[in-house]
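For reference, the structure discussed in these notes is given below.
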Number of protein chains: 2
Amino acid sequence: MTVKERVVRAAVRLFAEKGFEATTVREIVEAAGVTKGGLYHYFESKDDLLFEIYAAMLRMQTRRMVTIAESDLPLPERLHAIIVDVVVTSIADLDAATVFFQSFPLLEKSKQVQVRAERRTYHERVRDLVAEGQRAGIFRADVPADLVINYHFGAIHRLGMWYHADGELSGEQVGRHFADLMLRSLRP
Amino acid sequence: MTVKERVVRAAVRLFAEKGFEATTVREIVEAAGVTKGGLYHYFESKDDLLFEIYAAMLRMQTRRMVTIAESDLPLPERLHAIIVDVVVTSIADLDAATVFFQSFPLLEKSKQVQVRAERRTYHERVRDLVAEGQRAGIFRADVPADLVINYHFGAIHRLGMWYHADGELSGEQVGRHFADLMLRSLRP
DNA sequence: CTCTTCATACCGACCGCGCGGTACGACGCA
DNA sequence: TGCGTCGTACCGCGCGGTCGGTATGAAGAG
């Protein structure tokens with residue numbers, strides 16, 4: 001494992017556990033078994049480290065979502081698969097997901113803009129699926145598609161607050177339950 | 001308005017906007033129009049200030065929830081009213097709600113224990129309503145009540161991330177949509 | 001009614017600590 | 001020798017918190 005990977009791994013765990021600001025660079029290098037010189041050789045700043053975590057998560061989740069959205073499955077099944085996938089991948093790297101959904105305001109403003117832009121396209125892409133289903137009469141149309149997306153993704157973004165790997169449910173099971181809850185709430 | 005109130009009001013706004021750790025005591029006293037001496041006369045520490053915000057929010061929301069839960073309305077209507085109420089009160093003081101649901105890990109550990117205990121009773125109280133409905137056959141029973149509560153309250157806890165008062169929907173409207181989404185997802 | 005006492009409310013200059021970040025040397029490989 | 005890869009000793013800053021002091025006004029004594 002490279003120095004860079006060890007730093008990222010340690011940082012993600014600490015950020016998830018104690019928050020970005022409460023975690024010191026000294027703690028990160030200690031947990032990663034490297035030194036400050038090593039860390040600052042690969043990262044410009046503590047903030048830059050957070051941004052790398054963000055960028056990796058965003059790229060991965062967006063790519064997977066687009067792949068499913070562009071498949072030729074029936075619309076409700078595409079939506080179902082997207083929810084299951086985002087839940088499963090979030091749980092697979094729960095620390096990163098926790099950081100991702102909690103530390104956004106702490107990013108430098110300029111980096112926030114970048115991240116927000118990509119998050120927006122993600123949001124709109126999925127929202128359009130819902131809106132399409134509403135127009136087709138597959139989904140009930142008496143609730144705004146934007147609100148539906150904010151609602152259900154809000155639920156997903158809080159996963160890190162309560163899910164523990166030693167619990168009874170696997171990521172796959174949680175994902176299916178979530179997808180079912182979403183689709184049922186849209187049933188006409 | 002007393003010094004204490006002004007401090008709390010300013011602190012809530014700043015904590016919601018920039019996060020607890022990123023907000024300095026100097027910024028708070030400046031925004032509140034008081035001095036450090038005044039602040040530390042009423043609060044033991046910056047952490048104590050955060051805790052007061054938490055305690056007030058918790059007491060208020062728990063009290064309201066219990067009142068509704070103990071009413072003699074039919075079960076689904078009680079659940080509906082609880083969701084509408086928590087959404088409306090969260091939106092009425094969105095800054096406090098945002099802080100409440102985001103800054104928990106930054107509280108002192110001993111205070112976390114207190115808060116967690118009360119949050120737990122809140123959670124269990126509402127979960128029991130769902131479980132009761134499942135046993136009675138009013139709600140579908142193929143999904144764990146705990147997961148249902150985590151899911152739907154997760155959505156509520158993210159309100160501060162996207163709701164803006166200048167949008168099209170009032171707190172009441174959002175509350176009703178949320179409650180509808182929840183009850184529909186439980187329809188057998 | 002006046003004088004003394006004392007608690008409460010608040011002020012703001014100051015402090016020590018530990019933070020993120022840096023400078024520079026060393027080591028290994030080409 | 002030269003370049004990329006670190007290690008280590010250090011730095012300045014700004015943070016949360018402190019502490020000696022003052023203003024105010026209620027309570028008790030005479």
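Labeling convention for the structure tokens: chains A, B, ... as they appear, residues from 1 per chain, ligands from 1 in order of appearance.
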
Closest contacts (chain C/segment 1-7 of chain D, max 9 Å, only C-alpha atoms (C1' of nucleotides)) as JSON lines:
```
{"residue": "C:DG25", "atom": "C1'", "partner": "D:DG7", "partner_atom": "C1'", "distance": 8.9}
{"residue": "C:DA26", "atom": "C1'", "partner": "D:DG7", "partner_atom": "C1'", "distance": 8.1}
{"residue": "C:DC27", "atom": "C1'", "partner": "D:DC6", "partner_atom": "C1'", "distance": 8.7}
{"residue": "C:DG28", "atom": "C1'", "partner": "D:DT5", "partner_atom": "C1'", "distance": 8.9}
{"residue": "C:DA30", "atom": "C1'", "partner": "D:DG2", "partner_atom": "C1'", "distance": 8.9}
```

**Request:** Using only C-alpha atoms (C1' of nucleotides), determine which residues lie at most 6 Å from segment 129-135 of chain A, disregarding the query and same-chain residues fewer than 5 positions distant; provide the list as a PyMOL selection string.
**Result:** chain A and resi 140-141+145

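The list of chain C residues within 10 Å of chain A is C:DG18, C:DC19, C:DG20, C:DG21, C:DT22; this uses only C-alpha atoms (C1' of nucleotides).
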
Next, dump the selected residues to file, keeping only N, CA and C atoms (P, O5', C5', C4', C3', O3' and C1' of nucleotides), as a compact mmCIF listing (two decimals), in the first residue's frame.
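What follows is the written file result_3.txt:
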```txt
# COMPACT_ATOMS: atom_id res chain seq x y z
P DG C 18 -1.65 21.45 24.37
O5' DG C 18 -2.07 21.28 22.86
C5' DG C 18 -3.28 21.85 22.39
C4' DG C 18 -3.12 22.22 20.95
C3' DG C 18 -2.30 21.22 20.12
O3' DG C 18 -2.91 21.12 18.86
C1' DG C 18 -1.41 23.33 19.85
P DC C 19 -3.22 19.78 18.19
O5' DC C 19 -3.74 20.27 16.78
C5' DC C 19 -4.76 21.26 16.74
C4' DC C 19 -4.40 22.38 15.80
C3' DC C 19 -3.75 21.91 14.50
O3' DC C 19 -4.77 21.60 13.56
C1' DC C 19 -2.70 23.89 15.37
P DG C 20 -4.48 20.64 12.35
O5' DG C 20 -3.86 21.67 11.31
C5' DG C 20 -4.69 22.68 10.77
C4' DG C 20 -3.87 23.62 9.92
C3' DG C 20 -3.29 22.98 8.65
O3' DG C 20 -3.36 23.93 7.59
C1' DG C 20 -1.52 23.74 10.05
P DG C 21 -2.86 23.54 6.12
O5' DG C 21 -1.34 23.97 6.18
C5' DG C 21 -1.04 25.34 6.46
C4' DG C 21 0.46 25.53 6.58
C3' DG C 21 1.30 24.96 5.43
O3' DG C 21 2.03 26.02 4.83
C1' DG C 21 2.25 24.42 7.53
P DT C 22 2.97 25.76 3.58
O5' DT C 22 4.41 25.79 4.26
C5' DT C 22 4.71 26.85 5.17
C4' DT C 22 6.18 26.77 5.54
C3' DT C 22 7.13 26.41 4.40
O3' DT C 22 8.30 27.21 4.55
C1' DT C 22 7.41 24.87 6.15
```

**Message:** Quick check: residues of chain A within 7 Å of chain B, only C-alpha atoms, returned as a list of chain:residue names.
**Reply:**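 Going by the stated atoms only, the list reads A:Lys18, A:Glu21, A:Pro105, A:Val143, A:Tyr151, A:His152, A:Gly154, A:Ala155, A:Arg158, A:His177, A:Leu181, A:Met182, A:Arg184, A:Ser185.
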
Just need the residues of chain D within 12 Å of chain B, counting only C-alpha atoms (C1' of nucleotides), so spit them out as a PDB file with C-alpha atoms (C1' of nucleotides), in the first residue's frame.
```pdb
ATOM      1  C1'  DG D  14      -5.144  32.554  16.327  1.00  0.00           C
ATOM      2  C1'  DC D  15      -7.738  29.899  19.092  1.00  0.00           C
ATOM      3  C1'  DG D  16     -10.605  29.036  23.658  1.00  0.00           C
ATOM      4  C1'  DG D  17     -10.375  30.516  27.925  1.00  0.00           C
ATOM      5  C1'  DT D  18      -8.953  33.582  32.199  1.00  0.00           C
ATOM      6  C1'  DC D  19      -8.787  37.051  35.528  1.00  0.00           C
ATOM      7  C1'  DG D  21     -11.326  45.046  37.748  1.00  0.00           C
TER       8       DG D  21
END
```

**Item:** Residue list (alpha helix (DSSP H), DSSP) for chain A, as a VMD selection string
**Value:** chain A and resid 3 to 18 25 to 32 36 to 42 46 to 69 75 to 92 94 to 102 109 to 135 145 to 157 159 to 162 171 to 186

**Message:** Show me, as a PyMOL selection string, the residues that have an atom within 9 Å of Val84 of chain B when counting only C-alpha atoms (C1' of nucleotides), minus same-chain residues fewer than 5 positions from it.
**Reply:** chain B and resi 79+89+171-179

With segment 112-127 of chain B as the partner and 9 Å as the cut-off, tabulate the residues of segment 35-57 of chain B that qualify, each row holding the nearest pair of atoms and their distance in Å to one decimal, using only C-alpha atoms, sorted by chain and rising number, as CSV.
```
residue,atom,partner,partner_atom,distance
B:Phe51,CA,B:Val115,CA,8.8
B:Tyr54,CA,B:Val115,CA,7.7
B:Ala55,CA,B:Val115,CA,7.5
```

**Message:** Give me, as a list in words, all polymer residues having an atom no more than 12 Å from DT5 of chain C, counting only C-alpha atoms (C1' of nucleotides) and skipping those fewer than 4 positions away in the same chain.
**Reply:** DG25, DA26, DA27, DG28 and DA29 of chain D

Restrict the selected residues to C-alpha atoms (C1' of nucleotides) and save them as a compact mmCIF listing (two decimals), in the first residue's frame.
```
# COMPACT_ATOMS: atom_id res chain seq x y z
C1' DG D 25 -28.55 48.17 42.54
C1' DA D 26 -30.82 45.58 46.30
C1' DA D 27 -30.64 44.67 51.32
C1' DG D 28 -29.56 45.83 56.21
C1' DA D 29 -28.02 48.87 59.89
```

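Interatomic distance, atom C1' of DT8 of chain D to atom C1' of DA23 of chain C: 10.3 Å.
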
**Asked** So how far away is atom CA of Leu49 of chain B from atom CA of Thr23 of chain B, in Å?
**Response**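 Answer for the atom CA of Thr23 of chain B to atom CA of Leu49 of chain B separation: 12.3 Å.
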
**Message:** Can you measure atom CA of Arg13 of chain A to atom CA of Glu27 of chain A for me? One decimal in Å is fine.
**Reply:**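 Atom CA of Arg13 of chain A sits 11.1 Å away from atom CA of Glu27 of chain A.
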